Amino acid sequence: MLLKFLSLTVLTALVFGEKVRYDNYTLFKVHPESEEHVLFLNDLYELNNGLDFWVPPSEVGNYVSVVVPPEMKKDFEHSLRKRSIYSQLMMDNLQEAFDAQLMSRKKRSASHEMFWTNYQPLDDIIDWFEYLARRHSDIVSIITVGQSYEGRNITGIKISRRPGRLSFVLDGGQIGADWLSPTILTYFVDQLIKGENPEALAASRNFDWHIFPILNPDGHEFTQASVRLWTKNRRPITSSAIGVDLTKNWNSQWGIIGGSFDPAANNYIGQGPFSEEETRSFSRYVEEIGSNLAGYLSFRSFGQRLLIPFAHSTTPMYNYNEMLLIGRRAMGSLSAAYGTQYQVGTSRLISTGATGSSDDYVKHRINPPIAGTFLLRDQGAWGYTLPVNQVLPSCEETFDGLLAIIREARFINVL
Ligand SMILES: *[C@@H]1O[C@H](CO)[C@@H](O)[C@H](O)[C@H]1NC(C)=O
Ligand SMILES: *[C@@H]1O[C@H](CO)[C@@H](O)[C@H](O)[C@H]1NC(C)=O
């Protein structure tokens with residue numbers, strides 16, 4: 001979060017039931033070109049003094065994405081200039097971008113149709129799932145794996161056209177501020193059920209699909225009601241700190257790299273692996289599928305990367321080389337529609353190396369042939385404020401990427 005500075009704002013907003021505003025908050029993309037630059041940015045990051053890092057510093061050559069409150073902008077720019085650190089101002093008023101995301105929502109008709117030209121709130125998704133389960137009761141069922149801290153269902157949908165198939169499990173919405181992955185996963189649901197595209201139909205016939213668009217329903221709701229940039233779940237940790245970053249709370253190399261042990265930080269990893277009901281209950285669900293699991297893919301904003309296990313390592317483990325080949329070819333297919341380029345590799349190689357992710361956990365525990373995390377659009381121009389006109393293209397290209405993963409995996413006899 002915006003840490004100390006924002007926590008005051010958040011308190012005020014909560015007391016008055018208002019939304020936190022981001023007027024004149026700016027988004028920067030910073031390019032560290034030396035170890036010194038990285039060290040300096042790391043110091044800023046660990047200071048927790050009001051800067052909100054969407055992409056924290058990792059290594060030379062990896063960009064940093066950071067939101068700067070208006071009263072800190074001058075100092076921030078000055079401190080970068082002094083050290084000759086190159087930065088780009090990507091956006092000069094975050095609030096405008098958020099307003100544009102909101103205004104375009106709620107264009108649904110009463111006919112139970114879903115639209116992928118806007119972001120979708122939790123209630124709309126659940127209503128639509130219930131409608132699908134009634135309308136296609138032969139192939140669709142609703143699954144509740146547990147409840148969030150605030151008592152919301154952690155809900156997914158299962159699509160099964162024939163019994164006895166291997167399964168794919170897809171998760172999204174672990175980060176509250178990420179509105180893109182839930183919308184992308186509902187698009188997948190729609191495509192798999194409709195089966196208009198022959199390859200999509202084959203995918204839905206050949207596998208059972210377990211799709212959970214919002215693993216963090218409390219965080220998701222909180223970003224809509226109060227604090228647009230909230231990332232964590234909403235469980236109180238101390239008297240003044242709330243929430244755990246679910247993307248780092250899974251029991252795989254937990255706490256080794258990335259994330260924070262400080263409960264006030266927006267990437268707080270929790271008191272231990274699976275300290276949170278959201279991750280714990282979902283992991284139990286996936287474990288029950290066990291060796292029937294063909295693939296596990298996690299989706300979140302942002303960075304245009306396909307991360308493959310394991311985050312902490314640069315050494316190929318399990319079927320890393322196969323997965324790298326599948327991923328690279330599939331991301332080539334993903335780019336065909338709109339030219340969106342993805343990198344493929346372990347998080348340590350191409351991202352922050354943060355451990356404790358869901359795909360690493362599942363790979364380690366169950367070892368399905370396919371496992372990975374999609375970091376969706378974009379590369380820091382918009383980040384969590386990705387405009388609604390990019391929602392449908394993101395859905396389409398990511399679905400192309402998913403089908404291509406299956407195709408390429410079959411091609412080299414991994415599936
Ligand atoms: C944002 O900046 C503009 C231009 O500097 C200024 O006129 C406006 O009052 C600022 N808005 C807020 C809410 O601070
Ligand atoms: C939560 O899920 C249970 C079981 O699927 C269902 O009976 C209940 O109505 C759901 N609650 C809400 C608030 O949707």
# chains A, B, ... in the order shown; residues from 1 in each chain; ligands from 1
$ residues_around --residues "range 59-73 of chain A" --least-positions-apart "4" --cutoff "6 Å" --atoms "only C-alpha atoms" --output "mmCIF file with N, CA and C atoms, in the first residue's frame"
data_model
loop_
_atom_site.group_PDB
_atom_site.id
_atom_site.type_symbol
_atom_site.label_atom_id
_atom_site.label_comp_id
_atom_site.auth_asym_id
_atom_site.auth_seq_id
_atom_site.Cartn_x
_atom_site.Cartn_y
_atom_site.Cartn_z
ATOM 1 N N ASN A 24 -3.665 13.414 -8.880
ATOM 2 C CA ASN A 24 -2.280 13.866 -9.110
ATOM 3 C C ASN A 24 -1.228 12.872 -8.612
ATOM 4 N N TYR A 25 -1.611 11.681 -8.293
ATOM 5 C CA TYR A 25 -0.614 10.624 -8.072
ATOM 6 C C TYR A 25 -0.020 10.258 -9.437
ATOM 7 N N THR A 26 1.287 10.069 -9.478
ATOM 8 C CA THR A 26 1.951 9.803 -10.751
ATOM 9 C C THR A 26 2.504 8.388 -10.777
ATOM 10 N N LEU A 27 2.611 7.869 -12.003
ATOM 11 C CA LEU A 27 3.188 6.532 -12.179
ATOM 12 C C LEU A 27 4.504 6.669 -12.935
ATOM 13 N N PHE A 28 5.566 6.138 -12.351
ATOM 14 C CA PHE A 28 6.892 6.187 -12.971
ATOM 15 C C PHE A 28 7.367 4.790 -13.337
ATOM 16 N N LYS A 29 8.105 4.744 -14.429
ATOM 17 C CA LYS A 29 8.836 3.532 -14.797
ATOM 18 C C LYS A 29 10.317 3.899 -14.697
ATOM 19 N N VAL A 30 11.030 3.197 -13.832
ATOM 20 C CA VAL A 30 12.413 3.558 -13.542
ATOM 21 C C VAL A 30 13.327 2.436 -14.028
ATOM 22 N N HIS A 31 14.453 2.837 -14.630
ATOM 23 C CA HIS A 31 15.340 1.848 -15.265
ATOM 24 C C HIS A 31 16.716 1.837 -14.604
ATOM 25 N N PRO A 32 16.923 0.987 -13.613
ATOM 26 C CA PRO A 32 18.241 0.925 -12.977
ATOM 27 C C PRO A 32 19.268 0.318 -13.937
ATOM 28 N N GLU A 33 20.409 1.008 -14.079
ATOM 29 C CA GLU A 33 21.425 0.543 -15.038
ATOM 30 C C GLU A 33 22.715 0.110 -14.355
ATOM 31 N N SER A 34 22.719 0.123 -13.017
ATOM 32 C CA SER A 34 23.911 -0.356 -12.302
ATOM 33 C C SER A 34 23.474 -0.904 -10.947
ATOM 34 N N LEU A 51 5.904 5.708 -1.084
ATOM 35 C CA LEU A 51 5.960 5.270 -2.478
ATOM 36 C C LEU A 51 5.323 3.888 -2.563
ATOM 37 N N ASP A 52 4.551 3.673 -3.623
ATOM 38 C CA ASP A 52 3.898 2.374 -3.782
ATOM 39 C C ASP A 52 4.510 1.665 -4.982
ATOM 40 N N PHE A 53 5.291 0.636 -4.718
ATOM 41 C CA PHE A 53 6.002 -0.069 -5.796
ATOM 42 C C PHE A 53 5.102 -1.153 -6.379
ATOM 43 N N TRP A 54 4.703 -0.972 -7.629
ATOM 44 C CA TRP A 54 3.940 -2.023 -8.308
ATOM 45 C C TRP A 54 4.880 -3.116 -8.775
ATOM 46 N N VAL A 55 6.042 -2.701 -9.248
ATOM 47 C CA VAL A 55 7.098 -3.669 -9.554
ATOM 48 C C VAL A 55 8.319 -3.255 -8.749
#
$ select_by_dssp --residues "range 165-358 of chain A" --states "alpha helix (DSSP H)" --output "PyMOL selection string"
chain A and resi 180-194+198-206+217-225+277-289+320-338+347-350+358
$ atom_distance --atom1 "CA of Ser298 in chain A" --atom2 "CA of Gln341 in chain A"
18.3 Å
$ residues_around --residues "Val388 in chain A" --least-positions-apart "2" --cutoff "6 Å" --atoms "only C-alpha atoms" --output "short mmCIF file (atom, residue, chain, number, x, y, z; two decimals) with N, CA and C atoms, in the first residue's frame"
data_model
loop_
_atom_site.label_atom_id
_atom_site.label_comp_id
_atom_site.auth_asym_id
_atom_site.auth_seq_id
_atom_site.Cartn_x
_atom_site.Cartn_y
_atom_site.Cartn_z
N GLN A 101 -11.74 3.58 -15.78
CA GLN A 101 -12.03 2.14 -15.63
C GLN A 101 -13.42 1.93 -15.07
N ASN A 118 -15.30 -4.44 -20.42
CA ASN A 118 -15.12 -3.70 -19.18
C ASN A 118 -14.67 -4.69 -18.09
N GLN A 390 -8.41 -2.15 -23.50
CA GLN A 390 -7.44 -3.23 -23.64
C GLN A 390 -7.93 -4.54 -23.02
N VAL A 391 -9.13 -4.52 -22.44
CA VAL A 391 -9.60 -5.71 -21.74
C VAL A 391 -9.88 -6.84 -22.71
#
$ closest_residue --among "A:Ser79, A:Asn153, A:Thr373, A:Gln88" --to "ligand 2" --atoms "only C-alpha atoms and all ligand atoms"
A:Asn153
$ atom_distance --atom1 "CA of Arg300 in chain A" --atom2 "CA of Leu170 in chain A"
11.0 Å
$ residues_around --residues "range 173-189 of chain A" --least-positions-apart "3" --cutoff "8 Å" --atoms "only C-alpha atoms" --output "PyMOL selection string"
chain A and resi 116+119-120+125+170+192-193+211-223+228-233+245-247+299-301+376+384+391+394-395+398-399
$ closest_residue --among "A:Leu94, A:Val145, A:Leu102, A:His312" --to "ligand 2" --atoms "only C-alpha atoms and all ligand atoms"
A:Val145
$ closest_atom_pairs --of "chain A" --to "ligand 2" --cutoff "12 Å" --atoms "only C-alpha atoms and all ligand atoms" --output "JSON lines"
{"residue": "A:Leu122", "atom": "CA", "partner": "ligand 2", "partner_atom_place_in_ligand_line": "14 (O)", "distance": 10.7}
{"residue": "A:Asp123", "atom": "CA", "partner": "ligand 2", "partner_atom_place_in_ligand_line": "14 (O)", "distance": 9.0}
{"residue": "A:Asp124", "atom": "CA", "partner": "ligand 2", "partner_atom_place_in_ligand_line": "14 (O)", "distance": 11.8}
{"residue": "A:Ile125", "atom": "CA", "partner": "ligand 2", "partner_atom_place_in_ligand_line": "14 (O)", "distance": 11.4}
{"residue": "A:Ile126", "atom": "CA", "partner": "ligand 2", "partner_atom_place_in_ligand_line": "14 (O)", "distance": 7.8}
{"residue": "A:Asp127", "atom": "CA", "partner": "ligand 2", "partner_atom_place_in_ligand_line": "14 (O)", "distance": 9.2}
{"residue": "A:Phe129", "atom": "CA", "partner": "ligand 2", "partner_atom_place_in_ligand_line": "14 (O)", "distance": 11.1}
{"residue": "A:Glu130", "atom": "CA", "partner": "ligand 2", "partner_atom_place_in_ligand_line": "14 (O)", "distance": 9.8}
{"residue": "A:Ser141", "atom": "CA", "partner": "ligand 2", "partner_atom_place_in_ligand_line": "5 (O)", "distance": 10.2}
{"residue": "A:Ile142", "atom": "CA", "partner": "ligand 2", "partner_atom_place_in_ligand_line": "5 (O)", "distance": 7.2}
{"residue": "A:Ile143", "atom": "CA", "partner": "ligand 2", "partner_atom_place_in_ligand_line": "5 (O)", "distance": 6.4}
{"residue": "A:Thr144", "atom": "CA", "partner": "ligand 2", "partner_atom_place_in_ligand_line": "5 (O)", "distance": 5.0}
{"residue": "A:Val145", "atom": "CA", "partner": "ligand 2", "partner_atom_place_in_ligand_line": "5 (O)", "distance": 8.3}
{"residue": "A:Gly146", "atom": "CA", "partner": "ligand 2", "partner_atom_place_in_ligand_line": "2 (O)", "distance": 8.0}
{"residue": "A:Gln147", "atom": "CA", "partner": "ligand 2", "partner_atom_place_in_ligand_line": "1 (C)", "distance": 7.8}
{"residue": "A:Ser148", "atom": "CA", "partner": "ligand 2", "partner_atom_place_in_ligand_line": "1 (C)", "distance": 10.6}
{"residue": "A:Glu150", "atom": "CA", "partner": "ligand 2", "partner_atom_place_in_ligand_line": "13 (C)", "distance": 10.9}
{"residue": "A:Gly151", "atom": "CA", "partner": "ligand 2", "partner_atom_place_in_ligand_line": "13 (C)", "distance": 8.1}
{"residue": "A:Arg152", "atom": "CA", "partner": "ligand 2", "partner_atom_place_in_ligand_line": "13 (C)", "distance": 6.3}
{"residue": "A:Asn153", "atom": "CA", "partner": "ligand 2", "partner_atom_place_in_ligand_line": "1 (C)", "distance": 4.9}
{"residue": "A:Ile154", "atom": "CA", "partner": "ligand 2", "partner_atom_place_in_ligand_line": "1 (C)", "distance": 7.9}
{"residue": "A:Thr155", "atom": "CA", "partner": "ligand 2", "partner_atom_place_in_ligand_line": "2 (O)", "distance": 7.5}
{"residue": "A:Gly156", "atom": "CA", "partner": "ligand 2", "partner_atom_place_in_ligand_line": "5 (O)", "distance": 10.0}
{"residue": "A:Ile157", "atom": "CA", "partner": "ligand 2", "partner_atom_place_in_ligand_line": "5 (O)", "distance": 11.0}
{"residue": "A:Pro217", "atom": "CA", "partner": "ligand 2", "partner_atom_place_in_ligand_line": "13 (C)", "distance": 11.5}
$ residues_around --residues "Thr340 in chain A" --least-positions-apart "4" --cutoff "9 Å" --atoms "only C-alpha atoms" --output "list in words"
Gln304, Met331, Leu334, Ser335, Ala336, Arg377, Asp378, Ser394 and Glu397 of chain A
